[in-house]
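Colleague: Next up is a structure, given as structure tokens.
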Number of protein chains: 2
Amino acid sequence: MGYTAKAVQVVTIKNLYTHMKVSIGIDIGGTGTKFGIVSLEGKVLYQGAIPTQSEAKFEDFIKLLAKEIKKGLDPKKYELIGIGVGAPNANYYKGTIEHAPNLRWKGILPLANNLEDEFGVPVVITNDANAAAVGEMIFGGAKDMKDFIVITLGTGLGAGIVSNGKIVNGAHGFAGELGHTTVNYVGGRFCGCGKRGCLETYVSATGIKRTVYKLLADHNEESELRSVSFDELSAEMITKYALKGDFIAIKAFEYTGRILGTKLADTVVHSDPEAIFIFGGLSLAGDLIFDPTKEHMEKHLMPIFKGKIKIISSQLQNQSAPIIGASSLVIDKLKKDQEELLNS
Amino acid sequence: MGYTAKAVQVVTIKNLYTHMKVSIGIDIGGTGTKFGIVSLEGKVLYQGAIPTQSEAKFEDFIKLLAKEIKKGLDPKKYELIGIGVGAPNANYYKGTIEHAPNLRWKGILPLANNLEDEFGVPVVITNDANAAAVGEMIFGGAKDMKDFIVITLGTGLGAGIVSNGKIVNGAHGFAGELGHTTVNYVGGRFCGCGKRGCLETYVSATGIKRTVYKLLADHNEESELRSVSFDELSAEMITKYALKGDFIAIKAFEYTGRILGTKLADTVVHSDPEAIFIFGGLSLAGDLIFDPTKEHMEKHLMPIFKGKIKIISSQLQNQSAPIIGASSLVIDKLKKDQEELLNS
């Protein structure tokens with residue numbers, strides 16, 4: 001299933017001697033695009049980055065990206081077997097980016113097609129949370145798990161759900177949008193999606209900033225955060241002040257973890273995961289975020305699940321994680337193709 | 001995966017001539033146990049029922065059940081290929097019923113083992129909601145769907161979730177317990193599971209009874225329901241009065257549909273189903289329950305899902321549905337075994 005590559009002529013590299021098999025992982029973000037050449041064992045052999053929004057035309061962005069990647073793709077050393085991309089509003093089934101609000105190019109972008117034309121290999125695309133989940137399954141902490149969830153905490157909150165050993169994409173390719181479950185039906189925070197009270201307006205790097213401002217409004221305690229503007233404030237800064245004992249910053253993590261844990265209790269009864277991995281900047285705050293999350297998930301869990309669901313930090317926590325996650329899509333795709341061939 | 005049959009000697013029937021291949025479907029409920037002999041096309045060829053709780057020992061219950069089934073299992077006509085059972089607290093992976101609060105036999109009951117000893121064929125067991133979902137996929141309205149959900153509204157609320165064409169059982173075999181997502185965190189209705197505010201305390205045959213009593217307390221309007229005691233009251237009665245225009249009964253359905261629809265909006269972002277099927281007594285109330293459910297689901301859906309998710313009545317709505325659903329587990333199991341053989 002999923003987006004199927006056109007028949008393409010593999011023109012890049014001949015595997016005459018002992019070329020190392022590699023895949024390319026690409027992580028397209030709102031600001032920057034990271035890429036890497038990755039071995040089948042998950043080792044990043046070469047990497048780089050370009051700004052996402054510098055080119056007015058999407059085709060020119062792809063050309064620039066391909067040019068930068070090819071600088072590291074030595075045909076004497078490597079045999080390229082495929083490309084995996086994590087991208088916003090990625091349609092796994094069609095290989096397109098569709099109406100991404102955070103990108104300058106509007107409409108439907110034929111991402112997979114364009115990359116295939118450049119490299120002559122199959123291209124798999126999905127959203128960044130699914131890429132993180134596949135990465136966790138192939139190279140991270142979920143190697144022996146068939147049922148788990150990866151929650152990504154960035155600008156928003158995304159989730160990659162794996163059931164029966166496979167990513168759940170759903171009927172329209174949008175499964176796992178847990179950031180848009182509702183926390184507060186009446187007077188909740190305004191969300192970029194058009195709704196109010198969505199989970200990601202509370203639990204994300206942006207959500208915790210909003211919480212700090214709410215707490216500064218509600219409380220009288222001293223806080224170094226009183227001298228920081230909303231635009232200057234970052235999740236890293238909140239973590240830093242919380243670790244220094246700042247009342248507001250600590251309370252912001254408690255508030256965030258309480259809401260996340262409470263909603264995860266609902267998520268658990270849906271897919272019954274062995275573990276929930278937390279990925280992204282906020283998870284680096286450690287116990288500050290994990291303790292209240294665990295406490296409030298356990299409190300609201302249906303009794304048969306109590307004490308059974310692990311909440312752990314992603315084991316792909318480094319700068320290259322999005323690249324490794326994206327590259328692992330290729331390995332996952334090859335496995336699926338083989339299964340389908342056997343079942344057909 | 002799942003519970004695997006011991007190597008057993010097939011002693012029952014020899015397929016010498018043109019025996020029709022059949023499976024047995026068994027639905028174990030708190031009060032009665034229904035069974036049927038079902039063709040591979042989903043036709044019930046023979047059926048019966050026994051009380052669930054008449055025998056003090058579980059082994060004796062199985063012996064009585066087997067005796068009754070064998071009355072219809074003519075070895076000159078049928079070749080038995082397997083048995084599927086829908087049962088409360090069924091552990092799909094182990095083939096056992098575990099600590100079922102509504103059964104008189106306590107502890108862990110080796111249901112699959114006992115039935116295998118009686119019939120010498122593989123036995124698959126799961127909870128009734130998963131059995132309904134497999135039935136919907138093989139014989140009902142989900143024949144061409146790979147991603148859908150069946151919600152069963154009975155004494156409680158259960159769900160069978162299908163993703164990528166497979167039932168989601170989860171890491172511990174308890175996926176789909178949507179009846180225990182939380183509607184009301186503060187002062188919600190007491191639930192049999194030990195929590196408060198669970199969805200099934202509002203949305204189920206029992207939940208709507210509780211709602212009728214709440215509404216009779218809140219409102220002054222005339223209602224024929226004022227002359228009915230809680231013990232006498234049934235979901236069928238509420239439907240009947242609602243269809244006759246009773247203010248309280250109509251309001252009870254609106255209240256039930258509003259809560260169901262609101263929570264389904266959260267469920268949709270988890271697995272992105274093509275359709276949600278509603279199964280069981282309450283769904284026979286038609287528009288009374290479907291209209292408010294659809295309205296409130298749409299209202300709270302993340303915009304990318306709006307207008308895309310069907311809410312429809314199960315197409316297995318008849319007395320034999322639980323038997324057909326249970327028997328279809330056998331067909332599903334045979335398919336899976338074949339896939340695993342090919343992939344091994």
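Please note that chains go A, B, ... in the order of the structure tokens, that every chain numbers its residues from 1, and that ligands are numbered from 1 in the order shown.
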If you count only C-alpha atoms, which residues fall within 6 Å of stretch 70-86 of chain B, apart from same-chain ones fewer than 5 positions away, as a PyMOL selection string?
Modeller: chain B and resi 13+19-27+121-128+131+326-327+329-330
Colleague: Deliver the residues from the most recent selection as a file, using C-alpha atoms, as an mmCIF file, in the first residue's frame.
Modeller:
data_model
loop_
_atom_site.group_PDB
_atom_site.id
_atom_site.type_symbol
_atom_site.label_atom_id
_atom_site.label_comp_id
_atom_site.auth_asym_id
_atom_site.auth_seq_id
_atom_site.Cartn_x
_atom_site.Cartn_y
_atom_site.Cartn_z
ATOM 1 C CA ILE B 13 -15.305 -35.770 10.742
ATOM 2 C CA HIS B 19 -19.037 -32.143 3.268
ATOM 3 C CA MET B 20 -19.839 -28.476 3.724
ATOM 4 C CA LYS B 21 -17.106 -26.602 5.611
ATOM 5 C CA VAL B 22 -18.536 -24.913 8.703
ATOM 6 C CA SER B 23 -17.368 -23.064 11.810
ATOM 7 C CA ILE B 24 -19.046 -22.741 15.177
ATOM 8 C CA GLY B 25 -19.782 -19.296 16.602
ATOM 9 C CA ILE B 26 -20.367 -18.937 20.351
ATOM 10 C CA ASP B 27 -21.414 -15.779 22.181
ATOM 11 C CA VAL B 121 -10.319 -28.075 16.115
ATOM 12 C CA PRO B 122 -8.606 -24.696 16.642
ATOM 13 C CA VAL B 123 -10.477 -22.250 18.893
ATOM 14 C CA VAL B 124 -10.178 -18.440 18.678
ATOM 15 C CA ILE B 125 -11.583 -16.247 21.419
ATOM 16 C CA THR B 126 -11.930 -12.483 21.782
ATOM 17 C CA ASN B 127 -14.246 -9.958 23.411
ATOM 18 C CA ASP B 128 -17.683 -9.367 21.896
ATOM 19 C CA ALA B 131 -16.008 -10.341 17.348
ATOM 20 C CA ALA B 326 -17.816 -15.098 16.592
ATOM 21 C CA SER B 327 -17.755 -17.663 13.770
ATOM 22 C CA LEU B 329 -13.038 -15.183 13.924
ATOM 23 C CA VAL B 330 -12.192 -18.591 12.488
#
Colleague: Please build the interface table for chain A against chain B with a cut-off of 8 Å, listing for each qualifying residue the nearest atom pair and the distance in Å to one decimal; count only C-alpha atoms, order rows by chain and increasing number, and write it as a tab-separated table.
Modeller:
residue	atom	partner	partner_atom	distance
A:Lys146	CA	B:Ala171	CA	7.4
A:Asp147	CA	B:Ala171	CA	5.6
A:Ile161	CA	B:His270	CA	8.0
A:Ser163	CA	B:Val168	CA	6.3
A:Asn164	CA	B:Val168	CA	6.8
A:Lys166	CA	B:Asn164	CA	7.9
A:Val168	CA	B:Ser163	CA	6.3
A:Asn169	CA	B:Ser271	CA	7.3
A:Gly170	CA	B:Asp272	CA	4.5
A:Ala171	CA	B:Glu274	CA	5.2
A:His172	CA	B:Asp272	CA	6.6
A:Gly173	CA	B:Asp272	CA	7.4
A:Phe174	CA	B:Asp272	CA	6.1
A:Ala175	CA	B:Asp272	CA	4.6
A:Gly176	CA	B:His270	CA	4.8
A:Glu177	CA	B:Val269	CA	5.1
A:Leu178	CA	B:Val269	CA	5.9
A:His180	CA	B:Met302	CA	6.2
A:Thr181	CA	B:Asp266	CA	4.8
A:Thr182	CA	B:Asp266	CA	6.8
A:Cys193	CA	B:Pro303	CA	6.7
A:Gly194	CA	B:Pro303	CA	7.1
A:Lys195	CA	B:Met302	CA	6.9
A:Ala265	CA	B:Thr181	CA	7.4
A:Asp266	CA	B:Thr181	CA	4.8
A:Thr267	CA	B:His270	CA	7.7
A:Val268	CA	B:Ala175	CA	7.7
A:Val269	CA	B:Glu177	CA	5.1
A:His270	CA	B:Gly176	CA	4.8
A:Ser271	CA	B:Ala175	CA	4.7
A:Asp272	CA	B:Gly170	CA	4.5
A:Pro273	CA	B:Ala171	CA	5.5
A:Glu274	CA	B:Ala171	CA	5.2
A:His300	CA	B:Lys195	CA	7.5
A:Met302	CA	B:His180	CA	6.2
A:Pro303	CA	B:Cys193	CA	6.7
A:Glu339	CA	B:Asn343	CA	6.4
A:Leu342	CA	B:Leu342	CA	6.0
A:Asn343	CA	B:Glu339	CA	6.4
Colleague: Residues at most 10 Å from B:Arg258, counting only C-alpha atoms, excluding those fewer than 5 positions away in the same chain, as a list in words?
Modeller: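 That gives Val203, Ala252, Phe253, Lys263, Leu264, Ile289, Phe290, Asp291, Pro292, Thr293, Lys294, Glu295, His296 and Met297 of chain B.
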Colleague: Return as a list in words the full set of residues in stretch 301-337 of chain B whose backbone-based DSSP assignment is helix (DSSP H, G or I).
Modeller: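 Residues of stretch 301-337 of chain B classed as helix (DSSP H, G or I): Pro303, Ile304, Phe305, Ala321, Pro322, Ile323, Ile324, Gly325, Ala326, Ser327, Ser328, Leu329, Val330, Ile331, Asp332, Lys333, Leu334, Lys335, Lys336 and Asp337 of chain B.
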Colleague: List every residue of stretch 67-301 of chain A that DSSP, applied to the backbone of this structure, assigns to strand (DSSP E or B), and report them as an NGL selection string.
Modeller: :A and (78-86 or 90-91 or 96-98 or 108-109 or 123-126 or 148-153 or 157-163 or 166-167 or 182 or 190 or 196 or 198 or 275-279)
Colleague: Out of A:Leu115, A:Tyr213, A:Gly135, A:Glu55, which residue has the shortest atom-to-atom distance to A:Ser227 when counting only C-alpha atoms?
Modeller: A:Tyr213
Colleague: Write out as a list of chain:residue names each polymer residue whose atoms come within 6 Å of stretch 138-141 of chain B, counting only C-alpha atoms; drop sequence neighbours fewer than 2 positions from it.
Modeller: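 Once the adjacent positions are removed, what remains is B:Gly135, B:Glu136, B:Lys143, B:Gln315, B:Leu316.
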Colleague: Output all heavy atoms for every residue in the selection just made, as a PDB file, in the first residue's frame.
Modeller:
ATOM      1  N   GLY B 135     -16.825  -9.680  12.354  1.00  0.00           N
ATOM      2  CA  GLY B 135     -18.057 -10.022  11.633  1.00  0.00           C
ATOM      3  C   GLY B 135     -18.427  -8.949  10.613  1.00  0.00           C
ATOM      4  O   GLY B 135     -18.782  -9.253   9.474  1.00  0.00           O
ATOM      5  N   GLU B 136     -18.318  -7.685  11.009  1.00  0.00           N
ATOM      6  CA  GLU B 136     -18.633  -6.566  10.104  1.00  0.00           C
ATOM      7  C   GLU B 136     -17.690  -6.575   8.895  1.00  0.00           C
ATOM      8  O   GLU B 136     -18.092  -6.275   7.775  1.00  0.00           O
ATOM      9  CB  GLU B 136     -18.479  -5.245  10.881  1.00  0.00           C
ATOM     10  CG  GLU B 136     -19.238  -4.063  10.305  1.00  0.00           C
ATOM     11  CD  GLU B 136     -20.751  -4.146  10.528  1.00  0.00           C
ATOM     12  OE1 GLU B 136     -21.174  -4.439  11.656  1.00  0.00           O
ATOM     13  OE2 GLU B 136     -21.505  -3.955   9.554  1.00  0.00           O
ATOM     14  N   LYS B 143     -16.849  -4.698   4.430  1.00  0.00           N
ATOM     15  CA  LYS B 143     -16.144  -5.670   3.578  1.00  0.00           C
ATOM     16  C   LYS B 143     -14.963  -5.075   2.824  1.00  0.00           C
ATOM     17  O   LYS B 143     -13.976  -5.743   2.598  1.00  0.00           O
ATOM     18  CB  LYS B 143     -17.129  -6.281   2.579  1.00  0.00           C
ATOM     19  CG  LYS B 143     -17.847  -7.500   3.141  1.00  0.00           C
ATOM     20  CD  LYS B 143     -18.824  -8.067   2.120  1.00  0.00           C
ATOM     21  CE  LYS B 143     -19.777  -9.021   2.806  1.00  0.00           C
ATOM     22  NZ  LYS B 143     -21.010  -9.240   2.040  1.00  0.00           N
ATOM     23  N   GLN B 315     -24.364  -3.476   9.956  1.00  0.00           N
ATOM     24  CA  GLN B 315     -25.172  -4.232   8.990  1.00  0.00           C
ATOM     25  C   GLN B 315     -25.299  -5.690   9.404  1.00  0.00           C
ATOM     26  O   GLN B 315     -25.684  -6.543   8.618  1.00  0.00           O
ATOM     27  CB  GLN B 315     -24.604  -4.056   7.586  1.00  0.00           C
ATOM     28  CG  GLN B 315     -24.841  -2.630   7.102  1.00  0.00           C
ATOM     29  CD  GLN B 315     -24.346  -2.383   5.703  1.00  0.00           C
ATOM     30  OE1 GLN B 315     -24.341  -3.268   4.858  1.00  0.00           O
ATOM     31  NE2 GLN B 315     -23.931  -1.154   5.438  1.00  0.00           N
ATOM     32  N   LEU B 316     -24.944  -5.963  10.642  1.00  0.00           N
ATOM     33  CA  LEU B 316     -25.162  -7.313  11.185  1.00  0.00           C
ATOM     34  C   LEU B 316     -26.217  -7.275  12.289  1.00  0.00           C
ATOM     35  O   LEU B 316     -26.127  -7.993  13.273  1.00  0.00           O
ATOM     36  CB  LEU B 316     -23.864  -7.865  11.779  1.00  0.00           C
ATOM     37  CG  LEU B 316     -22.761  -8.280  10.838  1.00  0.00           C
ATOM     38  CD1 LEU B 316     -21.570  -8.800  11.630  1.00  0.00           C
ATOM     39  CD2 LEU B 316     -23.238  -9.345   9.861  1.00  0.00           C
TER      40      LEU B 316
END
